[in-house]
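Next comes upload20.cif, with mmCIF, C-alpha atoms.
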data_entry
loop_
_atom_site.label_atom_id
_atom_site.label_comp_id
_atom_site.auth_asym_id
_atom_site.auth_seq_id
_atom_site.Cartn_x
_atom_site.Cartn_y
_atom_site.Cartn_z
CA MET S 1111 20.95 6.93 30.78
CA HIS S 1112 24.15 7.86 32.57
CA PRO S 1113 26.01 10.90 31.28
CA ASN S 1114 28.98 9.95 29.21
CA PRO S 1115 32.02 11.12 31.23
CA THR S 1116 34.06 11.84 28.12
CA THR S 1117 31.63 14.39 26.70
CA GLU S 1118 29.60 15.62 29.66
CA LEU S 1119 30.83 17.98 32.33
CA VAL S 1120 31.28 16.37 35.72
CA GLU S 1121 28.86 18.85 37.27
CA ALA S 1122 26.18 18.24 34.61
CA PRO S 1123 22.76 18.12 36.27
CA PRO S 1124 21.12 14.70 36.47
CA PRO S 1125 18.72 14.05 33.59
CA ARG S 1126 15.13 14.90 34.39
CA PRO S 1127 11.84 13.86 32.71
CA VAL S 1128 11.12 15.48 29.33
CA TRP S 1129 9.13 12.90 27.31
CA ASP S 1130 6.70 10.53 28.95
CA LEU S 1131 6.33 6.87 28.01
CA PRO S 1132 3.21 7.37 25.81
CA ILE S 1133 5.03 10.00 23.74
CA ARG S 1134 8.08 7.78 23.30
CA LEU S 1135 5.99 4.75 22.40
CA PHE S 1136 4.02 6.89 19.97
CA HIS S 1137 7.20 8.15 18.33
CA TRP S 1138 8.86 4.79 17.84
CA LEU S 1139 5.72 2.86 16.94
CA LEU S 1140 4.96 5.52 14.33
CA THR S 1141 8.51 5.23 12.98
CA ALA S 1142 8.23 1.43 12.79
CA LEU S 1143 4.76 1.49 11.23
CA ILE S 1144 5.73 4.01 8.54
CA ALA S 1145 8.68 1.77 7.63
CA PHE S 1146 6.39 -1.27 7.68
CA SER S 1147 3.80 0.52 5.51
CA TRP S 1148 6.47 1.35 2.97
CA TRP S 1149 7.72 -2.24 2.92
CA THR S 1150 4.26 -3.77 2.57
CA ALA S 1151 3.38 -1.38 -0.25
CA LYS S 1152 6.60 -2.21 -2.09
CA ASN S 1153 6.02 -5.93 -1.71
CA GLY S 1154 2.34 -6.08 -2.55
CA GLN S 1155 1.33 -7.05 1.01
CA LEU S 1156 -1.73 -4.85 0.88
CA ASP S 1157 -3.70 -6.62 3.58
CA TRP S 1158 -0.88 -5.76 5.98
CA HIS S 1159 -0.53 -2.31 4.45
CA VAL S 1160 -4.15 -1.46 5.25
CA TRP S 1161 -3.74 -2.91 8.75
CA SER S 1162 -0.65 -0.76 9.24
CA GLY S 1163 -2.50 2.34 8.06
CA VAL S 1164 -5.31 1.73 10.53
CA ALA S 1165 -2.71 1.24 13.28
CA ILE S 1166 -1.12 4.58 12.33
CA LEU S 1167 -4.55 6.20 12.41
CA THR S 1168 -5.02 4.79 15.91
CA LEU S 1169 -1.67 6.26 16.95
CA LEU S 1170 -2.58 9.65 15.47
CA VAL S 1171 -5.91 9.74 17.29
CA PHE S 1172 -4.10 8.84 20.50
CA ARG S 1173 -1.56 11.62 19.89
CA LEU S 1174 -4.34 14.12 19.29
CA LEU S 1175 -6.03 13.18 22.60
CA TRP S 1176 -2.69 13.08 24.41
CA GLY S 1177 -2.01 16.55 23.05
CA LEU S 1178 -5.14 17.72 24.88
CA PHE S 1179 -5.09 15.66 28.08
CA GLY S 1180 -1.52 14.32 28.33
CA SER S 1181 1.69 15.31 30.05
CA SER S 1182 2.84 18.93 29.93
CA THR S 1183 5.36 18.50 27.07
CA ALA S 1184 2.81 16.54 24.99
CA ARG S 1185 0.10 19.21 25.13
CA PHE S 1186 -0.35 21.28 22.00
CA ALA S 1187 -1.32 24.29 24.09
CA ASN S 1188 2.12 24.17 25.72
CA PHE S 1189 4.26 23.93 22.62
CA VAL S 1190 2.45 25.18 19.49
CA ARG S 1191 3.62 28.74 18.97
CA GLY S 1192 3.26 31.37 16.33
CA PRO S 1193 5.68 32.65 13.70
CA ARG S 1194 6.98 35.40 16.00
CA ALA S 1195 8.11 32.84 18.59
CA ILE S 1196 9.81 30.85 15.84
CA ARG S 1197 11.58 34.01 14.61
CA ASP S 1198 12.70 34.92 18.11
CA TYR S 1199 13.90 31.37 18.64
CA LEU S 1200 15.93 31.45 15.42
CA ARG S 1201 17.57 34.71 16.51
CA ASN S 1202 18.68 33.19 19.78
CA VAL S 1203 18.59 29.42 19.73
CA HIS S 1204 20.54 29.12 22.95
CA GLY S 1205 18.18 31.42 24.81
CA TRP S 1206 15.48 28.74 24.70
CA ARG S 1207 15.63 26.66 27.86
CA LEU S 1208 12.18 25.18 28.42
CA ALA S 1209 11.71 21.41 28.50
CA GLY S 1210 10.03 19.92 25.43
CA HIS S 1211 9.65 21.16 21.87
CA ASN S 1212 11.28 24.45 20.96
CA PRO S 1213 9.18 26.70 18.66
CA LEU S 1214 10.83 25.43 15.47
CA GLY S 1215 10.66 21.81 16.60
CA ALA S 1216 7.00 22.36 17.43
CA MET S 1217 6.32 23.42 13.85
CA SER S 1218 8.18 20.36 12.62
CA VAL S 1219 6.06 18.11 14.86
CA ILE S 1220 2.80 19.67 13.65
CA VAL S 1221 3.82 19.42 9.99
CA LEU S 1222 4.89 15.77 10.40
CA LEU S 1223 1.66 14.89 12.19
CA LEU S 1224 -0.48 16.63 9.59
CA ALA S 1225 1.43 15.06 6.70
CA THR S 1226 1.08 11.61 8.25
CA ALA S 1227 -2.64 12.24 8.83
CA LEU S 1228 -3.10 13.31 5.20
CA GLN S 1229 -1.22 10.25 3.98
CA VAL S 1230 -3.38 7.95 6.11
CA GLY S 1231 -6.53 9.74 5.00
CA LEU S 1232 -5.64 9.26 1.33
CA GLY S 1233 -4.88 5.61 1.95
CA LEU S 1234 -8.20 5.01 3.70
CA ILE S 1235 -10.13 5.97 0.56
CA SER S 1236 -7.73 4.44 -2.00
CA VAL S 1237 -8.22 1.42 -4.22
CA ASP S 1238 -5.26 -0.64 -5.40
CA GLU S 1239 -4.47 -1.12 -9.08
CA ASP S 1240 -6.05 -4.59 -9.18
CA GLY S 1241 -9.23 -3.76 -7.34
CA LEU S 1242 -8.28 -6.48 -4.85
CA ASN S 1243 -7.68 -4.19 -1.87
CA GLU S 1244 -9.33 -0.98 -0.80
CA GLY S 1245 -8.94 1.32 2.13
CA PRO S 1246 -11.74 0.74 4.65
CA LEU S 1247 -13.40 4.08 3.76
CA ALA S 1248 -13.06 3.77 -0.02
CA HIS S 1249 -16.73 2.87 -0.39
CA LEU S 1250 -17.64 6.34 0.86
CA VAL S 1251 -16.21 7.98 -2.27
CA SER S 1252 -16.50 7.30 -6.00
CA LEU S 1253 -14.21 4.87 -7.79
CA GLU S 1254 -12.64 7.82 -9.63
CA ALA S 1255 -11.94 9.57 -6.34
CA SER S 1256 -10.38 6.37 -5.00
CA GLU S 1257 -8.09 6.09 -8.00
CA ALA S 1258 -7.08 9.74 -7.70
CA ALA S 1259 -6.49 9.25 -3.97
CA ARG S 1260 -4.25 6.27 -4.69
CA ASP S 1261 -2.10 8.30 -7.10
CA LEU S 1262 -1.82 11.08 -4.53
CA HIS S 1263 -1.13 8.53 -1.79
CA GLU S 1264 1.83 7.25 -3.81
CA ASP S 1265 3.17 10.69 -4.67
CA PHE S 1266 2.63 12.16 -1.25
CA PHE S 1267 4.74 9.45 0.34
CA ASN S 1268 7.73 11.20 -1.22
CA VAL S 1269 6.73 14.42 0.54
CA LEU S 1270 6.39 12.55 3.83
CA LEU S 1271 9.75 10.93 3.25
CA ALA S 1272 11.35 14.32 2.56
CA LEU S 1273 9.90 15.66 5.83
CA ILE S 1274 11.29 12.66 7.70
CA VAL S 1275 14.72 13.20 6.13
CA LEU S 1276 14.54 16.87 7.17
CA HIS S 1277 13.56 15.80 10.70
CA VAL S 1278 16.58 13.48 10.96
CA ALA S 1279 18.85 16.09 9.35
CA ALA S 1280 17.75 18.69 11.93
CA ILE S 1281 18.60 16.27 14.75
CA LEU S 1282 22.04 15.69 13.22
CA PHE S 1283 22.49 19.44 12.84
CA TYR S 1284 21.67 20.10 16.50
CA ARG S 1285 24.19 17.43 17.44
CA LEU S 1286 26.97 18.71 15.18
CA ALA S 1287 26.39 22.45 15.42
CA PHE S 1288 25.22 22.80 19.04
CA GLY S 1289 26.38 19.55 20.62
CA ARG S 1290 22.76 18.79 21.63
CA ARG S 1291 21.75 15.15 21.93
CA LEU S 1292 18.09 14.91 20.97
CA THR S 1293 17.87 11.19 20.30
CA ALA S 1294 18.69 9.93 23.80
CA PRO S 1295 15.75 11.79 25.44
CA ILE S 1296 13.18 10.30 23.03
CA ILE S 1297 14.50 6.87 24.04
CA THR S 1298 15.05 7.37 27.77
CA GLY S 1299 12.52 10.15 28.30
CA ARG S 1300 15.06 12.21 30.23
CA ALA S 1301 17.37 15.08 29.40
CA ALA S 1302 19.74 17.32 31.32
CA LEU S 1303 17.87 20.53 32.14
CA ASP S 1304 19.13 23.66 33.81
CA PRO S 1305 18.27 23.64 37.55
CA ASP S 1306 15.69 26.42 37.20
CA VAL S 1307 13.88 24.79 34.27
CA GLU S 1308 10.67 22.99 35.09
CA PRO S 1309 10.70 19.36 33.91
CA MET S 1310 7.75 17.58 32.34
CA ARG S 1311 4.64 17.36 34.52
CA PRO S 1312 3.38 13.83 33.86
CA ALA S 1313 -0.29 13.04 33.30
CA ARG S 1314 -1.89 10.14 35.13
CA ALA S 1315 -1.60 6.65 33.69
CA TRP S 1316 -5.39 6.15 33.59
CA VAL S 1317 -5.70 9.21 31.32
CA ALA S 1318 -3.26 7.55 28.91
CA LEU S 1319 -5.25 4.33 29.02
CA ALA S 1320 -8.51 6.22 28.43
CA CYS S 1321 -6.97 8.05 25.42
CA LEU S 1322 -5.68 4.73 24.10
CA ALA S 1323 -9.08 3.05 24.50
CA ALA S 1324 -10.76 5.92 22.65
CA ALA S 1325 -8.13 5.79 19.88
CA ILE S 1326 -8.54 2.02 19.46
CA ALA S 1327 -12.31 2.47 19.30
CA VAL S 1328 -11.93 5.04 16.49
CA GLY S 1329 -9.43 2.80 14.68
CA ARG S 1330 -11.75 -0.19 14.86
CA TRP S 1331 -14.72 1.85 13.73
CA VAL S 1332 -12.80 3.14 10.69
CA ALA S 1333 -11.45 -0.35 9.93
CA ALA S 1334 -15.05 -1.56 9.88
CA GLY S 1335 -15.82 1.01 7.17
CA ALA S 1336 -17.22 3.68 9.51
CA PRO S 1337 -20.67 2.12 9.88
CA PRO S 1338 -23.42 4.50 11.00
CA PHE S 1339 -24.17 4.38 14.71
CA GLY S 1340 -27.21 2.57 15.92
CA ARG S 1341 -27.20 -0.06 13.19
CA MET B 1253 12.86 -17.97 -36.78
CA ARG B 1254 13.31 -21.57 -35.75
CA THR B 1255 13.75 -20.56 -32.15
CA ALA B 1256 10.53 -18.61 -32.19
CA LEU B 1257 8.62 -21.50 -33.70
CA LEU B 1258 10.15 -23.90 -31.22
CA ALA B 1259 9.19 -21.59 -28.38
CA ALA B 1260 5.67 -21.37 -29.76
CA ALA B 1261 5.46 -25.12 -30.02
CA ALA B 1262 6.73 -25.48 -26.47
CA ALA B 1263 4.20 -22.99 -25.23
CA ILE B 1264 1.37 -24.78 -27.03
CA THR B 1265 2.41 -28.01 -25.38
CA LEU B 1266 2.57 -26.38 -21.99
CA LEU B 1267 -0.83 -24.80 -22.31
CA ALA B 1268 -2.44 -27.86 -23.82
CA GLY B 1269 -4.37 -28.47 -20.62
CA CYS B 1270 -6.18 -25.16 -20.90
CA ARG B 1271 -9.67 -25.77 -22.18
CA GLU B 1272 -11.11 -22.29 -21.87
CA ALA B 1273 -10.14 -20.91 -25.22
CA ALA B 1274 -9.73 -23.06 -28.24
CA ASP B 1275 -8.60 -22.15 -31.67
CA ASP B 1276 -6.74 -24.40 -33.99
CA GLN B 1277 -5.27 -21.49 -35.86
CA ALA B 1278 -3.41 -20.61 -32.74
CA ALA B 1279 -0.50 -22.74 -33.76
CA ASN B 1280 0.06 -20.28 -36.53
CA THR B 1281 2.36 -17.67 -35.10
CA ALA B 1282 1.59 -15.17 -37.78
CA ALA B 1283 -2.15 -15.38 -37.36
CA ALA B 1284 -2.08 -14.89 -33.62
CA LYS B 1285 -0.96 -11.30 -33.62
CA ASP B 1286 -3.78 -10.04 -35.80
CA ARG B 1287 -6.51 -11.29 -33.56
CA PRO B 1288 -6.78 -9.32 -30.37
CA VAL B 1289 -9.54 -11.57 -29.03
CA PHE B 1290 -9.66 -15.31 -29.23
CA PRO B 1291 -13.05 -16.85 -29.72
CA VAL B 1292 -13.91 -18.85 -26.65
CA THR B 1293 -15.44 -22.21 -27.29
CA ASP B 1294 -16.23 -24.36 -24.34
CA ASP B 1295 -17.84 -27.08 -26.37
CA ASP B 1296 -14.71 -28.56 -27.84
CA PRO B 1297 -12.15 -29.24 -25.15
CA ALA B 1298 -10.12 -31.42 -27.47
CA ALA B 1299 -9.38 -28.51 -29.79
CA ALA B 1300 -5.97 -26.94 -29.80
CA THR B 1301 -5.33 -24.30 -27.15
CA PRO B 1302 -4.35 -20.71 -27.81
CA ALA B 1303 -0.67 -20.58 -28.33
CA ALA B 1304 1.60 -18.28 -26.48
CA ALA B 1305 2.94 -17.42 -29.89
CA ALA B 1306 6.43 -16.10 -29.59
CA PRO B 1307 6.79 -12.73 -31.27
CA ARG B 1308 8.89 -12.73 -34.42
CA ASN B 1309 10.53 -9.40 -33.76
CA LYS B 1310 10.78 -6.69 -31.15
CA GLU B 1311 7.99 -4.64 -32.68
CA GLU B 1312 5.63 -7.57 -32.44
CA ALA B 1313 6.78 -8.29 -28.90
CA LEU B 1314 6.13 -4.72 -27.80
CA LYS B 1315 2.72 -4.77 -29.46
CA LEU B 1316 1.75 -7.89 -27.53
CA MET B 1317 3.13 -6.45 -24.30
CA HIS B 1318 1.03 -3.36 -24.82
CA GLU B 1319 -2.06 -5.46 -25.50
CA ARG B 1320 -1.25 -7.46 -22.36
CA HIS B 1321 -0.93 -4.31 -20.30
CA GLU B 1322 -4.22 -2.91 -21.56
CA GLY B 1323 -5.96 -6.23 -21.05
CA MET B 1324 -4.69 -6.59 -17.49
CA GLU B 1325 -5.79 -3.04 -16.82
CA ASP B 1326 -9.27 -3.84 -18.16
CA ILE B 1327 -9.45 -6.84 -15.83
CA GLY B 1328 -8.32 -4.59 -12.96
CA ASP B 1329 -10.93 -1.97 -13.81
CA ALA B 1330 -13.64 -4.60 -13.87
CA PHE B 1331 -12.36 -5.87 -10.53
CA LYS B 1332 -12.56 -2.44 -8.96
CA VAL B 1333 -16.24 -2.16 -9.85
CA LEU B 1334 -16.88 -5.73 -8.74
CA SER B 1335 -15.08 -5.19 -5.41
CA ARG B 1336 -17.39 -2.31 -4.63
CA GLU B 1337 -20.49 -4.27 -5.53
CA MET B 1338 -19.33 -7.19 -3.40
CA LYS B 1339 -19.21 -4.94 -0.35
CA SER B 1340 -22.90 -4.18 -0.74
CA ASP B 1341 -25.60 -6.31 0.86
CA SER B 1342 -27.57 -6.17 -2.35
CA PRO B 1343 -25.13 -5.83 -5.25
CA ASP B 1344 -26.30 -4.52 -8.59
CA LEU B 1345 -26.46 -7.87 -10.40
CA ALA B 1346 -26.58 -6.30 -13.85
CA ALA B 1347 -23.29 -4.48 -13.20
CA VAL B 1348 -21.80 -7.61 -11.64
CA ARG B 1349 -22.73 -9.68 -14.70
CA THR B 1350 -21.31 -7.12 -17.12
CA HIS B 1351 -17.96 -7.10 -15.36
CA SER B 1352 -17.84 -10.81 -14.55
CA ALA B 1353 -18.30 -11.34 -18.29
CA THR B 1354 -15.40 -8.95 -19.01
CA VAL B 1355 -13.13 -10.90 -16.69
CA ALA B 1356 -14.29 -14.23 -18.11
CA ARG B 1357 -13.74 -12.95 -21.66
CA LEU B 1358 -10.24 -11.66 -20.98
CA ALA B 1359 -9.05 -14.49 -18.72
CA PRO B 1360 -8.35 -16.94 -21.58
CA GLN B 1361 -6.21 -14.27 -23.21
CA VAL B 1362 -3.66 -14.59 -20.45
CA SER B 1363 -2.55 -17.84 -22.07
CA ARG B 1364 -1.26 -16.00 -25.09
CA TRP B 1365 -0.05 -12.84 -23.34
CA PHE B 1366 3.16 -14.30 -21.99
CA PRO B 1367 5.13 -15.95 -24.80
CA ALA B 1368 8.89 -16.15 -24.52
CA GLY B 1369 10.50 -12.91 -25.63
CA THR B 1370 8.06 -10.55 -23.89
CA GLY B 1371 9.92 -10.20 -20.62
CA PRO B 1372 11.67 -7.32 -18.89
CA ASP B 1373 14.71 -7.73 -21.13
CA VAL B 1374 12.61 -6.75 -24.15
CA GLY B 1375 10.60 -3.78 -22.93
CA LYS B 1376 9.04 -2.02 -19.97
CA THR B 1377 7.03 -4.59 -18.08
CA ARG B 1378 6.46 -5.74 -14.54
CA ALA B 1379 6.34 -9.35 -15.72
CA LYS B 1380 9.25 -11.07 -13.97
CA SER B 1381 11.66 -13.28 -15.88
CA GLU B 1382 10.69 -16.09 -13.46
CA ILE B 1383 7.59 -16.56 -15.61
CA TRP B 1384 9.76 -18.13 -18.30
CA GLN B 1385 11.97 -19.95 -15.83
CA LYS B 1386 9.02 -21.80 -14.29
CA PRO B 1387 6.63 -22.13 -17.22
CA GLU B 1388 4.70 -25.10 -15.80
CA ASP B 1389 3.98 -23.31 -12.56
CA PHE B 1390 2.99 -20.12 -14.36
CA ALA B 1391 0.69 -22.04 -16.71
CA ALA B 1392 -0.91 -23.85 -13.76
CA ARG B 1393 -1.59 -20.56 -11.99
CA THR B 1394 -2.97 -19.10 -15.21
CA ARG B 1395 -5.34 -22.04 -15.54
CA ALA B 1396 -6.46 -21.63 -11.93
CA PHE B 1397 -7.36 -18.01 -12.67
CA GLN B 1398 -9.16 -18.93 -15.87
CA ALA B 1399 -11.19 -21.64 -14.15
CA ALA B 1400 -12.07 -19.31 -11.26
CA ALA B 1401 -13.06 -16.53 -13.68
CA GLN B 1402 -15.42 -18.83 -15.61
CA LYS B 1403 -16.93 -20.16 -12.41
CA PHE B 1404 -17.46 -16.63 -11.11
CA ASP B 1405 -19.13 -15.60 -14.35
CA ALA B 1406 -21.42 -18.63 -14.20
CA THR B 1407 -22.26 -17.88 -10.56
CA ALA B 1408 -22.97 -14.24 -11.43
CA LYS B 1409 -25.38 -15.33 -14.14
CA ALA B 1410 -27.10 -17.70 -11.69
CA GLY B 1411 -27.64 -14.83 -9.23
CA ASP B 1412 -27.11 -16.21 -5.72
CA VAL B 1413 -25.40 -13.32 -3.91
CA ALA B 1414 -23.60 -15.42 -1.29
CA ALA B 1415 -22.25 -17.73 -3.99
CA ILE B 1416 -21.23 -14.74 -6.14
CA LYS B 1417 -19.28 -13.20 -3.27
CA ALA B 1418 -17.58 -16.50 -2.46
CA SER B 1419 -16.58 -17.19 -6.07
CA PHE B 1420 -15.38 -13.59 -6.51
CA GLY B 1421 -13.11 -14.06 -3.53
CA GLU B 1422 -11.70 -17.16 -5.18
CA VAL B 1423 -10.88 -15.23 -8.37
CA GLY B 1424 -9.09 -12.59 -6.30
CA LYS B 1425 -6.96 -15.30 -4.71
CA THR B 1426 -5.91 -16.62 -8.10
CA CYS B 1427 -4.93 -13.09 -9.25
CA LYS B 1428 -2.79 -12.67 -6.17
CA ALA B 1429 -1.35 -16.18 -6.45
CA CYS B 1430 0.24 -15.16 -9.73
CA HIS B 1431 0.95 -11.49 -9.06
CA ASP B 1432 2.85 -12.17 -5.84
CA PRO B 1433 5.54 -14.38 -7.40
CA TYR B 1434 5.51 -13.18 -11.00
CA ARG B 1435 4.82 -9.45 -11.00
CA ALA B 1436 7.49 -6.96 -9.99
CA PRO B 1437 6.54 -4.07 -7.70
CA GLU B 1438 5.60 -0.83 -9.38
CA SER B 1439 8.65 1.18 -10.31
CA ASP B 1440 9.36 4.29 -8.31
CA HIS B 1441 7.41 7.38 -9.14
#
Could I get this file's structure written as structure tokens?
Amino acid sequence: MHPNPTTELVEAPPPRPVWDLPIRLFHWLLTALIAFSWWTAKNGQLDWHVWSGVAILTLLVFRLLWGLFGSSTARFANFVRGPRAIRDYLRNVHGWRLAGHNPLGAMSVIVLLLATALQVGLGLISVDEDGLNEGPLAHLVSLEASEAARDLHEDFFNVLLALIVLHVAAILFYRLAFGRRLTAPIITGRAALDPDVEPMRPARAWVALACLAAAIAVGRWVAAGAPPFGR
Amino acid sequence: MRTALLAAAAAITLLAGCREAADDQAANTAAAKDRPVFPVTDDDPAAATPAAAAPRNKEEALKLMHERHEGMEDIGDAFKVLSREMKSDSPDLAAVRTHSATVARLAPQVSRWFPAGTGPDVGKTRAKSEIWQKPEDFAARTRAFQAAAQKFDATAKAGDVAAIKASFGEVGKTCKACHDPYRAPESDH
């Protein structure tokens, strides 16, 4: 994306890679699938709701693998930091210049991923009110557990929604308070970095395809009800 | 109370094609409310059908709506157990028969659970007002469910697992065929 001449300095450095294509696809597919899951649940389209949940699971498994083997800014080891780093970051927000998640953003990412994983996990073992649809792993737990999981699945969506609202609010805050544009990079993959800051080191495309293949395999196995191997 | 009686008469006419439950007292609006369960007699198809007896007052309406809610929940609970059994290669036929009988016993009740005056304007319910705007369609879908429920129960008693699974699937479709157009989504928690 070209810098907007009305808001960017003329000597602003050209945007450099921050988020790779897999990360961006993951982000926007997850956004779309969460919206789709909500819609299908509201409208009683539970066949599609279960499908959507399995698709989200597949995305989460991919993100987990990409966090181990992916590009530099996707790797957990490069961005998950402790409370001290978060405290230092909060004391001097503008002192943080590395490409990728800042320490607070990293915590937000981890919490959102874990909350989404919990929500999917609850859905996988839930039964609907009519007994017409079940999550693909519901048969692994008792009917009572499935009913309890369904109640939690419904309630926990509000928690997930609150976290998403907080996520969007934080992006707005960075825009309004610091003039930072965080949305454009997650679309284009590029952001203006200071000249001495190292941009994202991309992983190879075949690694992404291998992670995707593994994630799809896990998704399909779960969708099939997690049958034991060798049967 | 003329309106109520007229509504009851209209409902009886509409449901006249339903042969599952028969009770000639059904035309009596007063009698209907005191009998939570209609006797099911398959041997006399010519007998009068259960009336969707319109409630005479709000209290009676709410009572029926409560009974309807509980009944639907019982059907749902039976379905949950059945769904699990249907996933098994060798379902527990005794459990299947118990719950197929529950569904078959409650299915005819649906005909008298939705009289006029038991909609969302009267009390808390997910029954949509469309039910009373398209009574023929609603009655047809009700009958489809009732027929599927009886067939499933008969298949369960016979004991052929493949046939049981197939006929259970058919019942599920008839539930959904009515829930999709006529049941509102759950209210927000």
Expected selection from the PyMOL selection byres ((chain B) within 6 of (chain S)), given as a ChimeraX atom specification
/B:1328,1331-1332,1437
Only C-alpha atoms, please: the residues just picked out, written as a PDB file, in the frame of the given file.
ATOM      1  CA  GLY B1328      -8.320  -4.590 -12.960  1.00  0.00           C
ATOM      2  CA  PHE B1331     -12.360  -5.870 -10.530  1.00  0.00           C
ATOM      3  CA  LYS B1332     -12.560  -2.440  -8.960  1.00  0.00           C
ATOM      4  CA  PRO B1437       6.540  -4.070  -7.700  1.00  0.00           C
TER       5      PRO B1437
END
Neighbouring residues of Ala1184 (chain S) were defined as those with any atom within 12 Å, considering all atoms listed in the file; residues of the same chain fewer than 6 positions away were excluded. Please report them as a list of chain:residue names.
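Once the adjacent positions are removed, what remains is S:Val1128, S:Trp1129, S:Asp1130, S:Leu1131, S:Pro1132, S:Ile1133, S:Arg1134, S:Phe1136, S:His1137, S:Phe1172, S:Arg1173, S:Leu1174, S:Leu1175, S:Trp1176, S:Gly1177, S:Leu1178, S:Val1190, S:Ala1209, S:Gly1210, S:His1211, S:Ala1216, S:Val1219, S:Ile1220, S:Met1310, S:Arg1311, S:Pro1312, S:Ala1313, S:Ala1318.
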Would you mind telling me which residue in B:Ala1429, B:Ala1346, B:Leu1358, B:Val1333 lies nearest to Glu1319 (chain B) when using only C-alpha atoms?
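Under the stated criterion, the closest residue is B:Leu1358.
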In file coordinates, which residues lie within 12 Å of (16.8, 4.5, 24.1) using all atoms listed in the file, given as a PDB file with C-alpha atoms, keeping the file's coordinate frame?
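Saved as point.pdb:
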ATOM      1  CA  MET S1111      20.950   6.930  30.780  1.00  0.00           C
ATOM      2  CA  HIS S1112      24.150   7.860  32.570  1.00  0.00           C
ATOM      3  CA  TRP S1129       9.130  12.900  27.310  1.00  0.00           C
ATOM      4  CA  LEU S1131       6.330   6.870  28.010  1.00  0.00           C
ATOM      5  CA  ARG S1134       8.080   7.780  23.300  1.00  0.00           C
ATOM      6  CA  LEU S1135       5.990   4.750  22.400  1.00  0.00           C
ATOM      7  CA  HIS S1137       7.200   8.150  18.330  1.00  0.00           C
ATOM      8  CA  TRP S1138       8.860   4.790  17.840  1.00  0.00           C
ATOM      9  CA  ARG S1291      21.750  15.150  21.930  1.00  0.00           C
ATOM     10  CA  LEU S1292      18.090  14.910  20.970  1.00  0.00           C
ATOM     11  CA  THR S1293      17.870  11.190  20.300  1.00  0.00           C
ATOM     12  CA  ALA S1294      18.690   9.930  23.800  1.00  0.00           C
ATOM     13  CA  PRO S1295      15.750  11.790  25.440  1.00  0.00           C
ATOM     14  CA  ILE S1296      13.180  10.300  23.030  1.00  0.00           C
ATOM     15  CA  ILE S1297      14.500   6.870  24.040  1.00  0.00           C
ATOM     16  CA  THR S1298      15.050   7.370  27.770  1.00  0.00           C
ATOM     17  CA  GLY S1299      12.520  10.150  28.300  1.00  0.00           C
ATOM     18  CA  ARG S1300      15.060  12.210  30.230  1.00  0.00           C
ATOM     19  CA  ALA S1301      17.370  15.080  29.400  1.00  0.00           C
TER      20      ALA S1301
END
For the provided coordinates, the residues matched by the PyMOL selection byres ((chain B and resi 1315) around 12) should be stated as a list in words.
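This file, filtered by the PyMOL selection byres ((chain B and resi 1315) around 12), leaves Ala1284, Lys1285, Asp1286, Pro1288, Ala1306, Pro1307, Arg1308, Asn1309, Lys1310, Glu1311, Glu1312, Ala1313, Leu1314, Leu1316, Met1317, His1318, Glu1319, Arg1320, His1321, Glu1322, Trp1365, Gly1369, Thr1370, Val1374, Gly1375 and Lys1376 of chain B.
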Select, counting all atoms listed in the file, all protein, DNA and RNA residues no farther than 8 Å from (4.7, -9.4, -12.3) in file coordinates, and express the selection as an MDAnalysis selection string.
chainID B and resid 1377:1380 1430:1437
What's around Ile1416 (chain B) at 7 Å? Count only C-alpha atoms, leave out sequence neighbours fewer than 6 positions away in its own chain, and write the answer as a PDB file with C-alpha atoms, in the frame of the given file.
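Now in result17.pdb:
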ATOM      1  CA  PHE B1404     -17.460 -16.630 -11.110  1.00  0.00           C
ATOM      2  CA  THR B1407     -22.260 -17.880 -10.560  1.00  0.00           C
ATOM      3  CA  ALA B1408     -22.970 -14.240 -11.430  1.00  0.00           C
TER       4      ALA B1408
END
Care to translate the PyMOL selection byres ((chain B and resi 1338) around 12) into actual residues of this file, as number ranges by chain?
S: 1241-1242, 1249; B: 1331-1337, 1339-1345, 1347-1348, 1352, 1408, 1413-1421, 1424
How would the residues just chosen look if you wrote them out with C-alpha atoms as a short mmCIF file (atom, residue, chain, number, x, y, z; two decimals), in the frame of the given file?
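As a result, again_31.cif now contains:
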data_model
loop_
_atom_site.label_atom_id
_atom_site.label_comp_id
_atom_site.auth_asym_id
_atom_site.auth_seq_id
_atom_site.Cartn_x
_atom_site.Cartn_y
_atom_site.Cartn_z
CA GLY S 1241 -9.23 -3.76 -7.34
CA LEU S 1242 -8.28 -6.48 -4.85
CA HIS S 1249 -16.73 2.87 -0.39
CA PHE B 1331 -12.36 -5.87 -10.53
CA LYS B 1332 -12.56 -2.44 -8.96
CA VAL B 1333 -16.24 -2.16 -9.85
CA LEU B 1334 -16.88 -5.73 -8.74
CA SER B 1335 -15.08 -5.19 -5.41
CA ARG B 1336 -17.39 -2.31 -4.63
CA GLU B 1337 -20.49 -4.27 -5.53
CA LYS B 1339 -19.21 -4.94 -0.35
CA SER B 1340 -22.90 -4.18 -0.74
CA ASP B 1341 -25.60 -6.31 0.86
CA SER B 1342 -27.57 -6.17 -2.35
CA PRO B 1343 -25.13 -5.83 -5.25
CA ASP B 1344 -26.30 -4.52 -8.59
CA LEU B 1345 -26.46 -7.87 -10.40
CA ALA B 1347 -23.29 -4.48 -13.20
CA VAL B 1348 -21.80 -7.61 -11.64
CA SER B 1352 -17.84 -10.81 -14.55
CA ALA B 1408 -22.97 -14.24 -11.43
CA VAL B 1413 -25.40 -13.32 -3.91
CA ALA B 1414 -23.60 -15.42 -1.29
CA ALA B 1415 -22.25 -17.73 -3.99
CA ILE B 1416 -21.23 -14.74 -6.14
CA LYS B 1417 -19.28 -13.20 -3.27
CA ALA B 1418 -17.58 -16.50 -2.46
CA SER B 1419 -16.58 -17.19 -6.07
CA PHE B 1420 -15.38 -13.59 -6.51
CA GLY B 1421 -13.11 -14.06 -3.53
CA GLY B 1424 -9.09 -12.59 -6.30
#
